[in-house]
Structures are given as C-alpha cells and as structure tokens.
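**Student:** Sharing query-v8.txt, compact mmCIF, C-alpha atoms:
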# COMPACT_ATOMS: atom_id res chain seq x y z
CA MET A 1 -6.74 192.68 70.65
CA GLY A 2 -4.78 189.62 71.67
CA PHE A 3 -1.43 189.47 73.42
CA LYS A 4 0.32 188.11 70.32
CA SER A 5 -0.80 190.86 67.96
CA TYR A 6 -0.07 193.49 70.62
CA CYS A 7 3.54 192.28 70.92
CA PHE A 8 3.82 192.13 67.13
CA LYS A 9 2.65 195.73 66.75
CA LYS A 10 4.98 196.94 69.47
CA SER A 11 8.13 195.54 67.89
CA LEU A 12 8.23 195.81 64.11
CA TRP A 13 11.68 195.04 62.71
CA VAL A 14 12.30 196.46 59.30
CA PHE A 15 14.30 195.08 56.38
CA HIS A 16 14.96 197.44 53.52
CA PHE A 17 14.90 196.25 49.90
CA GLY A 18 15.99 198.90 47.42
CA GLY A 19 14.93 198.21 43.85
CA ALA A 20 16.11 200.31 40.92
CA SER A 21 15.81 203.44 42.97
CA CYS A 22 17.14 206.98 42.55
CA ASN A 23 18.18 206.83 46.27
CA ASN A 24 15.91 209.64 47.44
CA CYS A 25 13.47 207.23 49.11
CA ASP A 26 16.39 205.35 50.73
CA ILE A 27 17.63 208.58 52.28
CA GLU A 28 14.14 209.48 53.52
CA ILE A 29 13.80 206.00 55.08
CA LEU A 30 17.13 206.48 56.86
CA ASP A 31 15.91 209.90 58.03
CA CYS A 32 13.15 208.16 59.99
CA LEU A 33 15.77 206.36 62.09
CA THR A 34 17.86 209.46 62.87
CA PRO A 35 17.54 211.37 66.18
CA ARG A 36 15.01 213.87 64.83
CA HIS A 37 12.25 211.33 64.10
CA ASP A 38 13.59 208.31 66.10
CA LEU A 39 11.39 205.38 65.16
CA GLU A 40 13.06 203.24 67.86
CA ARG A 41 10.69 204.77 70.45
CA PHE A 42 7.92 202.73 68.76
CA GLY A 43 10.11 199.61 68.78
CA ILE A 44 11.02 199.84 65.08
CA LEU A 45 14.55 198.63 64.33
CA LEU A 46 16.49 198.18 61.11
CA VAL A 47 17.78 194.59 60.95
CA GLY A 48 20.50 193.16 58.73
CA SER A 49 19.00 189.79 57.81
CA VAL A 50 15.56 189.19 56.27
CA ARG A 51 15.12 186.18 58.59
CA HIS A 52 14.58 188.60 61.50
CA ALA A 53 12.29 191.01 59.65
CA ASP A 54 8.59 191.74 60.24
CA VAL A 55 8.24 194.50 57.66
CA LEU A 56 9.74 194.52 54.17
CA LEU A 57 10.17 198.05 52.83
CA VAL A 58 10.42 198.16 49.04
CA ASN A 59 11.22 201.32 47.13
CA GLY A 60 12.18 202.10 43.55
CA ILE A 61 10.80 200.46 40.42
CA ILE A 62 11.08 196.71 40.05
CA ASN A 63 12.89 195.93 36.79
CA LYS A 64 13.48 192.54 35.21
CA HIS A 65 16.68 191.99 37.21
CA ASP A 66 15.10 192.85 40.55
CA LYS A 67 11.92 190.83 40.12
CA GLY A 68 13.45 187.42 40.88
CA ARG A 69 15.49 188.79 43.75
CA LEU A 70 12.48 190.47 45.36
CA LEU A 71 10.53 187.20 45.12
CA GLU A 72 13.45 185.31 46.65
CA VAL A 73 13.78 187.77 49.55
CA TYR A 74 10.01 187.61 50.14
CA ASN A 75 10.03 183.81 50.20
CA GLN A 76 12.99 183.74 52.62
CA ALA A 77 11.23 185.95 55.17
CA PRO A 78 9.45 184.23 58.08
CA LYS A 79 5.68 184.75 58.00
CA PRO A 80 3.76 186.85 59.02
CA ILE A 81 5.52 189.57 57.04
CA LEU A 82 4.10 192.96 56.07
CA VAL A 83 5.16 194.60 52.82
CA VAL A 84 5.24 198.39 52.41
CA ALA A 85 5.76 200.00 49.01
CA ILE A 86 7.42 203.40 49.37
CA GLY A 87 7.49 206.23 46.87
CA ALA A 88 5.75 206.82 43.55
CA CYS A 89 7.97 204.21 41.83
CA GLY A 90 7.16 201.51 44.36
CA CYS A 91 3.41 202.21 44.31
CA THR A 92 2.74 202.63 40.61
CA GLY A 93 5.96 202.74 38.63
CA GLY A 94 5.84 206.52 38.49
CA LEU A 95 8.07 208.05 35.85
CA PHE A 96 9.30 204.70 34.55
CA THR A 97 5.97 203.00 33.70
CA GLU A 98 6.76 202.91 29.97
CA SER A 99 10.38 201.80 30.35
CA ILE A 100 11.41 198.60 28.52
CA THR A 101 13.03 197.12 31.62
CA PHE A 102 9.99 197.76 33.86
CA ALA A 103 8.55 194.54 35.31
CA GLY A 104 5.49 195.91 37.06
CA PRO A 105 5.06 197.84 40.34
CA VAL A 106 5.66 196.00 43.63
CA ASP A 107 2.10 194.71 44.00
CA LYS A 108 2.35 192.76 40.75
CA VAL A 109 5.27 190.77 42.21
CA ILE A 110 4.36 190.29 45.88
CA PRO A 111 1.24 191.20 47.96
CA VAL A 112 1.52 194.71 49.43
CA ASP A 113 -0.05 195.79 52.74
CA ALA A 114 0.50 199.55 52.63
CA TYR A 115 1.36 202.16 50.00
CA ILE A 116 3.19 205.39 50.87
CA PRO A 117 3.14 207.67 47.80
CA GLY A 118 5.36 210.68 47.25
CA CYS A 119 8.50 211.45 45.28
CA PRO A 120 10.14 211.04 47.75
CA PRO A 121 7.66 210.79 50.70
CA LYS A 122 8.59 212.94 53.70
CA PRO A 123 9.62 211.08 56.89
CA GLU A 124 6.36 212.32 58.44
CA ALA A 125 4.45 210.62 55.61
CA ILE A 126 6.38 207.39 56.18
CA ILE A 127 5.59 207.50 59.91
CA ALA A 128 1.89 208.17 59.12
CA GLY A 129 1.90 205.17 56.76
CA ILE A 130 3.47 202.91 59.40
CA VAL A 131 0.86 204.06 61.95
CA LYS A 132 -1.97 203.19 59.54
CA LEU A 133 -0.34 199.82 58.83
CA VAL A 134 -0.14 199.07 62.58
CA GLN A 135 -3.79 200.06 63.08
CA LYS A 136 -4.90 197.89 60.18
CA SER A 137 -3.05 194.70 61.09
CA MET B 1 15.64 168.13 94.59
CA ALA B 2 12.59 170.42 94.56
CA VAL B 3 14.72 173.17 96.07
CA ASN B 4 17.32 172.77 93.34
CA LEU B 5 14.62 172.92 90.65
CA PHE B 6 13.26 176.08 92.28
CA TYR B 7 16.79 177.55 92.26
CA PHE B 8 17.25 176.70 88.59
CA LEU B 9 13.82 177.70 87.29
CA VAL B 10 12.55 180.53 89.48
CA PHE B 11 14.54 182.58 91.93
CA PRO B 12 18.16 183.05 91.05
CA GLY B 13 17.52 181.01 87.92
CA LEU B 14 15.64 181.30 84.64
CA LEU B 15 12.71 183.58 85.55
CA PHE B 16 14.66 186.05 87.70
CA VAL B 17 17.71 186.44 85.45
CA SER B 18 15.50 186.74 82.35
CA ILE B 19 13.37 189.54 83.78
CA THR B 20 16.35 191.40 85.26
CA GLY B 21 18.35 190.91 82.06
CA GLY B 22 15.42 192.25 80.03
CA PHE B 23 15.33 195.43 82.10
CA LEU B 24 19.12 195.79 81.79
CA SER B 25 18.79 195.38 78.03
CA TRP B 26 16.19 198.20 78.02
CA PHE B 27 18.58 200.29 80.14
CA ASP B 28 21.36 199.66 77.62
CA ARG B 29 19.16 200.72 74.69
CA LYS B 30 17.78 203.74 76.54
CA ILE B 31 21.28 204.97 77.45
CA SER B 32 22.41 204.50 73.82
CA ALA B 33 19.39 206.54 72.72
CA ARG B 34 20.16 209.33 75.20
CA VAL B 35 23.81 209.39 74.08
CA GLN B 36 22.61 209.94 70.49
CA PHE B 37 20.03 212.59 71.61
CA ARG B 38 17.10 210.27 70.88
CA LYS B 39 14.16 209.37 73.08
CA GLY B 40 14.61 205.61 73.16
CA PRO B 41 12.26 202.61 73.42
CA PRO B 42 9.65 202.01 76.18
CA ILE B 43 10.60 199.99 79.24
CA LEU B 44 8.84 196.78 78.14
CA GLN B 45 10.49 196.76 74.69
CA PRO B 46 12.79 193.71 75.29
CA PHE B 47 9.76 191.68 76.40
CA TYR B 48 7.73 192.71 73.33
CA ASP B 49 10.66 191.67 71.13
CA PHE B 50 11.04 188.33 72.92
CA PHE B 51 7.35 187.38 72.88
CA LYS B 52 6.92 188.50 69.30
CA LEU B 53 9.78 186.24 68.20
CA LEU B 54 8.64 183.36 70.41
CA LEU B 55 4.90 183.36 69.70
CA VAL B 56 4.21 185.12 66.42
CA LYS B 57 7.03 184.49 63.98
CA GLU B 58 7.60 181.37 61.93
CA THR B 59 10.79 179.32 62.49
CA ILE B 60 12.54 178.48 59.23
CA LEU B 61 14.88 175.50 59.09
CA PRO B 62 17.92 175.61 56.81
CA LYS B 63 17.68 173.53 53.67
CA GLN B 64 21.35 172.59 53.69
CA GLY B 65 22.91 171.77 57.02
CA SER B 66 21.67 169.99 60.10
CA PRO B 67 18.26 171.11 61.46
CA ILE B 68 18.46 169.26 64.79
CA ILE B 69 21.81 170.75 65.85
CA PHE B 70 20.66 174.12 64.50
CA LEU B 71 17.63 174.04 66.82
CA ILE B 72 19.36 172.50 69.87
CA ALA B 73 22.23 175.04 69.97
CA PRO B 74 20.11 177.98 71.32
CA VAL B 75 18.65 175.69 74.02
CA PHE B 76 22.19 174.83 75.16
CA ALA B 77 23.07 178.52 75.12
CA VAL B 78 20.16 179.36 77.45
CA PHE B 79 21.05 176.40 79.67
CA GLY B 80 24.70 177.48 80.01
CA ALA B 81 23.82 181.09 80.74
CA VAL B 82 21.18 180.20 83.37
CA MET B 83 23.46 177.61 85.01
CA ALA B 84 26.30 180.15 85.28
CA GLY B 85 23.77 182.65 86.64
CA VAL B 86 22.62 180.22 89.34
CA PHE B 87 26.19 179.43 90.44
CA ILE B 88 27.06 183.15 90.56
CA LEU B 89 23.87 184.43 92.19
CA LEU B 90 23.49 181.79 94.94
CA PRO B 91 26.61 182.97 96.86
CA LEU B 92 25.94 186.57 95.83
CA PHE B 93 22.45 186.63 97.41
CA ASN B 94 23.84 184.66 100.39
CA ILE B 95 21.39 181.78 99.83
CA SER B 96 23.91 178.95 99.82
CA ALA B 97 27.68 178.90 100.07
CA GLY B 98 28.45 177.10 96.82
CA PHE B 99 31.25 174.56 96.78
CA ARG B 100 35.05 174.52 96.58
CA GLY B 101 36.32 175.43 93.12
CA ASP B 102 33.08 176.88 91.74
CA LEU B 103 35.00 179.77 90.12
CA ILE B 104 36.46 177.23 87.68
CA VAL B 105 32.99 175.79 86.98
CA ILE B 106 31.62 179.30 86.36
CA PHE B 107 34.50 180.01 83.98
CA TYR B 108 33.63 176.95 81.89
CA LEU B 109 29.85 177.52 82.03
CA LEU B 110 30.28 181.07 80.77
CA THR B 111 31.89 179.80 77.57
CA ILE B 112 28.93 177.52 76.72
CA PRO B 113 26.80 180.26 75.04
CA SER B 114 29.64 181.26 72.69
CA PHE B 115 30.33 177.64 71.76
CA SER B 116 26.63 177.02 71.13
CA TYR B 117 26.52 180.03 68.81
CA ILE B 118 29.48 178.60 66.86
CA ILE B 119 27.87 175.14 66.60
CA GLY B 120 24.52 176.59 65.58
CA SER B 121 25.99 178.91 62.98
CA LEU B 122 28.11 176.16 61.43
CA ALA B 123 25.08 173.82 61.36
CA SER B 124 23.03 176.35 59.38
CA GLY B 125 25.01 175.85 56.17
CA ASN B 126 25.16 179.53 55.34
CA PRO B 127 28.56 180.86 54.13
CA LEU B 128 28.16 184.17 56.00
CA ALA B 129 27.29 182.26 59.16
CA ALA B 130 30.47 180.21 58.67
CA VAL B 131 32.50 183.44 58.43
CA GLY B 132 30.81 184.65 61.63
CA GLY B 133 31.50 181.34 63.36
CA SER B 134 35.19 181.40 62.50
CA ARG B 135 35.43 185.00 63.75
CA GLU B 136 33.75 184.01 67.01
CA MET B 137 36.31 181.19 67.41
CA LYS B 138 39.20 183.61 66.97
CA LEU B 139 37.59 186.02 69.44
CA ILE B 140 37.21 183.23 72.04
CA LEU B 141 40.85 182.20 71.53
CA SER B 142 41.95 185.77 72.14
CA TYR B 143 39.90 186.66 75.24
CA GLU B 144 39.74 183.38 77.17
CA LEU B 145 43.40 183.47 78.28
CA THR B 146 42.94 187.06 79.48
CA PHE B 147 39.78 186.11 81.37
CA LEU B 148 41.62 183.19 83.00
CA LEU B 149 44.46 185.52 84.08
CA PHE B 150 41.82 187.89 85.47
CA ILE B 151 40.28 185.10 87.58
CA ALA B 152 43.77 183.96 88.64
CA GLY B 153 44.45 187.50 89.87
CA ILE B 154 41.27 187.45 91.96
CA ILE B 155 42.18 184.03 93.41
CA MET B 156 45.69 185.25 94.36
CA LYS B 157 44.26 188.43 95.85
CA CYS B 158 42.00 186.63 98.30
CA GLY B 159 44.67 184.16 99.42
CA GLN B 160 44.32 181.09 97.14
CA GLN B 161 40.59 180.59 97.71
CA PHE B 162 38.88 178.95 94.75
CA ASP B 163 35.26 179.60 95.67
CA LEU B 164 33.13 182.67 95.03
CA ASN B 165 31.66 182.73 98.51
CA SER B 166 35.03 183.23 100.24
CA VAL B 167 36.00 185.87 97.65
CA ILE B 168 32.88 187.83 98.68
CA GLN B 169 33.47 187.16 102.39
CA VAL B 170 37.08 188.41 102.25
CA GLN B 171 35.94 191.62 100.52
CA GLN B 172 33.04 192.25 102.89
CA ALA B 173 35.29 191.70 105.92
CA GLY B 174 37.98 194.03 104.55
CA SER B 175 37.64 196.46 101.67
CA PRO B 176 36.60 195.74 98.03
CA PHE B 177 39.46 194.60 95.79
CA ILE B 178 39.04 197.59 93.47
CA GLY B 179 40.52 199.91 96.11
CA SER B 180 44.11 199.05 95.16
CA VAL B 181 46.36 199.53 92.12
CA SER B 182 46.16 195.89 91.04
CA GLY B 183 42.40 195.94 91.58
CA ILE B 184 41.99 198.87 89.19
CA LEU B 185 44.13 197.11 86.55
CA LEU B 186 42.08 193.92 86.97
CA PHE B 187 38.86 195.95 86.65
CA ILE B 188 40.00 197.38 83.29
CA VAL B 189 40.92 193.88 82.06
CA GLY B 190 37.61 192.48 83.29
CA ILE B 191 35.50 195.20 81.64
CA PHE B 192 37.09 194.54 78.24
CA CYS B 193 36.72 190.76 78.65
CA ILE B 194 33.01 191.22 79.42
CA GLN B 195 32.66 193.52 76.43
CA ALA B 196 34.10 190.78 74.21
CA LYS B 197 32.05 188.02 75.85
CA LEU B 198 28.83 189.98 75.29
CA ALA B 199 29.96 190.83 71.71
CA LEU B 200 29.22 194.53 72.21
CA VAL B 201 30.43 197.05 69.70
CA PRO B 202 34.21 197.24 69.59
CA PHE B 203 34.18 193.42 69.59
CA ASP B 204 30.93 192.65 67.73
CA ILE B 205 33.04 191.23 64.90
CA PRO B 206 31.18 187.86 64.66
CA GLU B 207 27.78 189.52 64.19
CA ALA B 208 28.82 192.58 62.18
CA GLU B 209 25.48 193.52 60.66
CA ALA B 210 26.95 195.85 58.08
CA GLU B 211 29.45 193.44 56.47
CA ILE B 212 28.16 189.89 57.11
CA THR B 213 24.52 190.74 58.02
CA GLU B 214 24.34 189.48 61.62
CA GLY B 215 26.91 186.74 60.96
CA ILE B 216 26.32 183.85 63.35
CA TYR B 217 22.59 184.63 63.78
CA ILE B 218 21.81 185.13 60.09
CA GLU B 219 19.71 181.97 59.63
CA TYR B 220 17.89 182.08 62.97
CA SER B 221 14.26 183.17 62.93
CA GLY B 222 11.22 182.89 65.15
CA SER B 223 11.43 181.01 68.44
CA SER B 224 15.05 179.88 68.04
CA TYR B 225 16.10 183.52 67.63
CA ALA B 226 13.96 184.34 70.69
CA LEU B 227 16.09 181.91 72.72
CA ILE B 228 19.26 183.62 71.45
CA LYS B 229 17.84 187.01 72.47
CA LEU B 230 17.01 185.53 75.89
CA THR B 231 20.62 184.32 76.26
CA LYS B 232 21.86 187.81 75.44
CA TYR B 233 19.58 189.35 78.09
CA ILE B 234 20.72 186.79 80.68
CA MET B 235 24.41 187.31 79.92
CA LEU B 236 23.95 191.09 80.21
CA PHE B 237 22.90 190.53 83.84
CA VAL B 238 25.14 187.58 84.77
CA LEU B 239 28.51 188.99 83.67
CA PRO B 240 28.20 192.41 85.39
CA SER B 241 27.04 190.68 88.59
CA LEU B 242 30.10 188.36 88.37
CA LEU B 243 32.34 191.43 88.13
CA THR B 244 30.48 192.95 91.09
CA ALA B 245 31.12 189.81 93.10
CA LEU B 246 34.79 189.54 92.15
CA LEU B 247 35.93 193.15 92.48
CA LEU B 248 33.26 195.44 93.94
CA GLY B 249 32.45 193.52 97.10
CA GLY B 250 29.26 191.71 96.10
CA PHE B 251 25.68 192.48 97.14
CA ARG B 252 24.44 193.30 100.61
CA LEU B 253 20.76 192.85 101.25
CA ASP B 254 20.03 194.97 104.29
CA GLY B 255 18.46 198.44 104.29
CA ILE B 256 20.07 201.09 102.10
CA ASN B 257 22.73 198.61 100.89
CA ILE B 258 20.17 197.12 98.45
CA LEU B 259 20.28 200.43 96.56
CA TRP B 260 24.10 200.28 96.43
CA SER B 261 23.96 196.71 95.12
CA ILE B 262 21.60 197.74 92.30
CA LEU B 263 23.72 200.80 91.51
CA LYS B 264 26.88 198.68 91.20
CA VAL B 265 25.32 196.51 88.46
CA LEU B 266 23.74 199.51 86.72
CA GLY B 267 27.09 201.35 86.84
CA ILE B 268 28.92 198.48 85.16
CA VAL B 269 26.23 198.21 82.46
CA LEU B 270 26.43 202.00 81.98
CA LEU B 271 30.21 201.73 81.50
CA LEU B 272 29.76 198.92 78.95
CA THR B 273 27.15 200.97 77.08
CA LEU B 274 29.36 204.05 76.98
CA ILE B 275 32.29 202.01 75.60
CA ARG B 276 29.87 200.53 73.04
CA ASN B 277 28.63 203.94 71.93
CA THR B 278 31.97 205.70 71.62
CA ASN B 279 33.98 203.12 69.67
CA PRO B 280 33.91 201.77 66.13
CA ARG B 281 34.03 198.06 65.32
CA ILE B 282 37.63 196.80 65.04
CA ARG B 283 39.01 194.08 62.79
CA ILE B 284 39.56 190.55 64.12
CA ARG B 285 43.36 190.96 63.87
CA GLN B 286 43.19 194.11 65.97
CA ALA B 287 41.03 192.33 68.54
CA VAL B 288 43.49 189.43 68.83
CA ASN B 289 46.39 191.89 69.19
CA PHE B 290 44.48 193.92 71.75
CA PHE B 291 43.83 190.94 74.02
CA MET B 292 46.95 188.87 73.34
CA ILE B 293 49.43 191.72 73.85
CA TRP B 294 47.93 194.65 75.74
CA MET B 295 45.30 193.10 77.99
CA ASN B 296 47.53 190.12 78.86
CA LEU B 297 50.36 192.54 79.67
CA LEU B 298 48.04 194.50 81.96
CA ALA B 299 46.84 191.30 83.65
CA VAL B 300 50.43 190.06 84.19
CA ILE B 301 51.44 193.45 85.65
CA ALA B 302 48.45 193.18 88.00
CA LEU B 303 49.55 189.65 89.02
CA VAL B 304 53.10 190.86 89.78
CA LEU B 305 51.71 193.77 91.82
CA ILE B 306 49.51 191.34 93.80
CA VAL B 307 52.58 189.20 94.61
CA PHE B 308 54.33 192.30 95.97
CA GLY B 309 51.22 193.22 97.92
CA TYR B 310 49.93 196.35 96.18
Do you think you could lay out the structure here as structure tokens?

**Tutor:**
Amino acid sequence: MGFKSYCFKKSLWVFHFGGASCNNCDIEILDCLTPRHDLERFGILLVGSVRHADVLLVNGIINKHDKGRLLEVYNQAPKPILVVAIGACGCTGGLFTESITFAGPVDKVIPVDAYIPGCPPKPEAIIAGIVKLVQKS
Amino acid sequence: MAVNLFYFLVFPGLLFVSITGGFLSWFDRKISARVQFRKGPPILQPFYDFFKLLLVKETILPKQGSPIIFLIAPVFAVFGAVMAGVFILLPLFNISAGFRGDLIVIFYLLTIPSFSYIIGSLASGNPLAAVGGSREMKLILSYELTFLLFIAGIIMKCGQQFDLNSVIQVQQAGSPFIGSVSGILLFIVGIFCIQAKLALVPFDIPEAEAEITEGIYIEYSGSSYALIKLTKYIMLFVLPSLLTALLLGGFRLDGINILWSILKVLGIVLLLTLIRNTNPRIRIRQAVNFFMIWMNLLAVIALVLIVFGY
C-alpha cells in the first residue's frame, strides 16, 4: 500500500447528492456524523463544494430532472472520486422502478463503486459499506 | 544568505510552522469533538488531509476567469503567512533581534493571505466565490482598524518602541502586559481580531458553507486547495504566537519555562476553539458593527487607560 493511497483512505471527504428521495436516507446519512457514530474519527468530513469531495453519496431515485444534474456534479468533481449509492432507490430503483419519470438507477448514469441497500440503511450499515469501500480501493 | 534561506525554509520558517500548525489544527478539531461529546480525529489527520489534496487529487482550472492568477494566489498566501511567521518567531525564539519597525511589517504581512484569497476567488469566475470575496473585503475593512489600534496600544504600553524584540524584552524584565486593566481590554480585542483573521465561526462569513458553499474556496481543488489548507494551519500557529509575544510575555526557552511557553499558545488556541464552538455565524452587517463600534470603543478605552498609566 503506497503513501498516496494510505492518505486518501485516511481522509475521505463526502459530498451528498440527494436525488428524488423520501428523506429517510438523508437523515440516516446525517446520523453517521452525529456524536453517537462520529465518522470524523476516521477522517470523514461533510464538505460544501463538490470540488473538495472524494466520495459522492447518492440516494433516492434518479428521475429525468435529476439525471442531467447528477452527471454535471459528477463531471465537476476532481478525480479520483468514489461514488456510493445509498438505499434501495439508489441501488435498484426500489419502489419506483415502474414510474414514468424514472431515469434508471444510479449506476446507469454514472459508475458506482459501492452499493448500500436498505430502506433506509441503518447508520451501522452505512459505516460497514464505507469500510468495505476503503478496503477495496 | 544561506542562513536566511534556512530561516525561511526550515527552522522558524516553512517546515516548522507547517508541522506545528498542523498539530494545532488537530488540537482545534479534537477540542471541538470533545465539546460535542465526540471522539475526534487521529493526531495525524491534518497531514493526511494535506497530502491527499497535494498528491492524489486532480486540480481543476476554472473555465471562465483567469487560471494563472487563480493558481498563483494560494502561493502568495503561503508566502505571506510564512514570512510573517519568520518575522514573529525570530525575536520570539531569541535567534535574532529583528529590526526597528518590524511590528508594522508584520501587520502588513499578516494581511497578505486574506488579500490573496480575495484575488483568487475573484479570478475563479464563480458568482458564489465573488459573494465570498466581497464579504471578505468587508470583514477586512472592519477588523483592520481594530487590529491597528490594538498594535498601537502595545506600542504605547512599552514606551514607543516599534520592534517586537523590545516589546518582549520590556515584558520579560517587568511583568507581562496582561496583568493590568488595559492589558486585559487589549487581550479581549486581540482575541476577537484573531478570530476574524482566521475566519473561525462567528466570523466565518466569507466561507459560510451552508449558504454559499465554502464561498471564496469554492472553485479550489487538489494541490491549490492543499496550499490554502497549509496557509490556514500556519496562520493558526502564527497569530496565537504573535498574541503571546505582544501580551503574555513571549517564550522562554530554559528548563520548565518551555512547558509554560507551549501552554500559552495552547491556551490561546483553546480559547479560540471554545468561542468557535459556542457561537453561531453572524451576518456581515453585525460583524462590521461589532468591530467598528464595540471593539474600537474597547480599544480606545484601553488607549486612554494606558495614557493615564493603568
């Protein structure tokens, strides 16, 4: 393991993209940053601009409105960037697969590195997913 | 020549202030975490952040705007911060005496990082960065007069001496300036000026990440953002050590006094962190009012008290 990848794994900055979500996944993501779970002890921070991000969290289904915006945000991010799809809607489309505004799950729009299923996933599940992502990369 | 390069690059300069500033930045984050009942990041976290940004991430240039100025601005910011650090730390560590009037030079060098941020943000061509840049300008206009009055108070207190070395000598021969009424008033003024210069929370109006998504730094990525982070680490060490030199009697480097010197800097950073964690962000109008009316009033009262010898 090189020095560069070690530093990268130790400081993952997260940018949160909410698609057409029911807000449960958003709240569970915010739960990870609260004192009980405290992801900052692994160096994970929530940043305000996608230019500083290392991980793009996407939750909710991607409808026809969101598709272009998600692509734009992905193209604006500095590479290397990891993409994590959170929740049943982000991974597969979930309940909304047959909806007329559905434009495909996240991995049809941008390449996805990790999937965290659940409706919504517990904070423990999100942390387990991040750990597997760090071990993979 | 070689000695000056060594001063600038290694001992009181770039390497030393960066490493110390990195540890102080970890201390700041750890204290914030403990205040919020969290565990907090590991001790090497600022260095992981810096090297990740410097070595791993891609640097994106703005499509509209001026790429050269955009990239040069962080370099100037690091240069100004390190230069101010060298001029402050050389008399503080008793290496060389400095020169007459170096307080004025330090005052101007300390404004270079803020000006570089403004130039860089306006060169990026992003509307939110322009909003952040204009807020930073207003913030500078409001706190610089207060900071000048603060330095004027120190100069009057040590008998019209314009150099940092004699300020430290006067305090080490007598008692530190903070042990008087005017000294305490000047300390309050100085702490708030440093808070605004570092853009910590009550005054982080230019980089408000909730409303204008990091404001002046919005377009920076990769190695140019690493240089901005480095400037922030350096300023977090340089400004508290300036306050130590001006009001708390400076450093002494013999025996147990080393511990006291370290504790002085850590205490000031702790105070800044506690202010940062217990206050909400204020609006730019409130910040201008706060400095222009209340802090200037406090500084003028302190000046009058110094004239009457309190």

**Student:** Please find the residues of chain B near chain A - the criterion being any atom within 12 Å, counting only C-alpha atoms - and write them as a PyMOL selection string.

**Tutor:** chain B and resi 26+29-30+32-63+128-129+207-226+229

**Student:** So how far away is atom CA of Asn23 of chain A from atom CA of Leu82 of chain A, in Å?

**Tutor:** 22.1 Å

**Student:** One decimal, Å: what's the distance from atom CA of Arg135 of chain B over to atom CA of Val75 of chain B, could you say?

**Tutor:**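 Going from atom CA of Arg135 of chain B over to atom CA of Val75 of chain B, I get 21.8 Å.
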
**Student:** Please indicate the distance in Å from atom CA of Leu270 of chain B to atom CA of Tyr117 of chain B, rounded to one decimal place.

**Tutor:**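 If I compute the distance from atom CA of Leu270 of chain B to atom CA of Tyr117 of chain B, I get 25.6 Å.
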
**Student:** Here's a test: counting all atoms listed in the file, identify every protein, DNA and RNA residue with an atom at most 8 Å from (9.9, 193.5, 34.0) in the file's coordinate frame, and state them as number ranges by chain.

**Tutor:** A: 62-65, 67, 100-104

**Student:** Just the selected residues (C-alpha atoms), exported as a CSV table (one decimal), in the coordinates of the input, please.

**Tutor:**
chain,number,residue,atom,x,y,z
A,62,ILE,CA,11.1,196.7,40.0
A,63,ASN,CA,12.9,195.9,36.8
A,64,LYS,CA,13.5,192.5,35.2
A,65,HIS,CA,16.7,192.0,37.2
A,67,LYS,CA,11.9,190.8,40.1
A,100,ILE,CA,11.4,198.6,28.5
A,101,THR,CA,13.0,197.1,31.6
A,102,PHE,CA,10.0,197.8,33.9
A,103,ALA,CA,8.6,194.5,35.3
A,104,GLY,CA,5.5,195.9,37.1

**Student:** Just the residues within 9 Å of Ile119 of chain B, please, counting all atoms listed in the file, with nothing from its chain fewer than 3 positions along; format it as a PyMOL selection string.

**Tutor:** chain B and resi 69-70+73+114-116+122-124+133

**Student:** For Ala287 of chain B, list every protein, DNA or RNA residue within 9 Å, evaluated using all atoms listed in the file, and leave out those in the same chain fewer than 6 positions away; present the list as a ChimeraX atom specification.

**Tutor:** /B:139,142-143,202-203,205

**Student:** Closest to Asp113 of chain A among A:Ala20, A:Cys89, A:Cys25, A:Val58, using only C-alpha atoms?

**Tutor:**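 With only C-alpha atoms as the atom set, the closest residue is A:Val58.
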
**Student:** Which residues are near Phe308 of chain B? Cut-off 12 Å, all atoms listed in the file, ignore same chain within fewer than 3 positions. Put them as a ChimeraX atom specification.

**Tutor:** /B:156-157,181-182,301-305
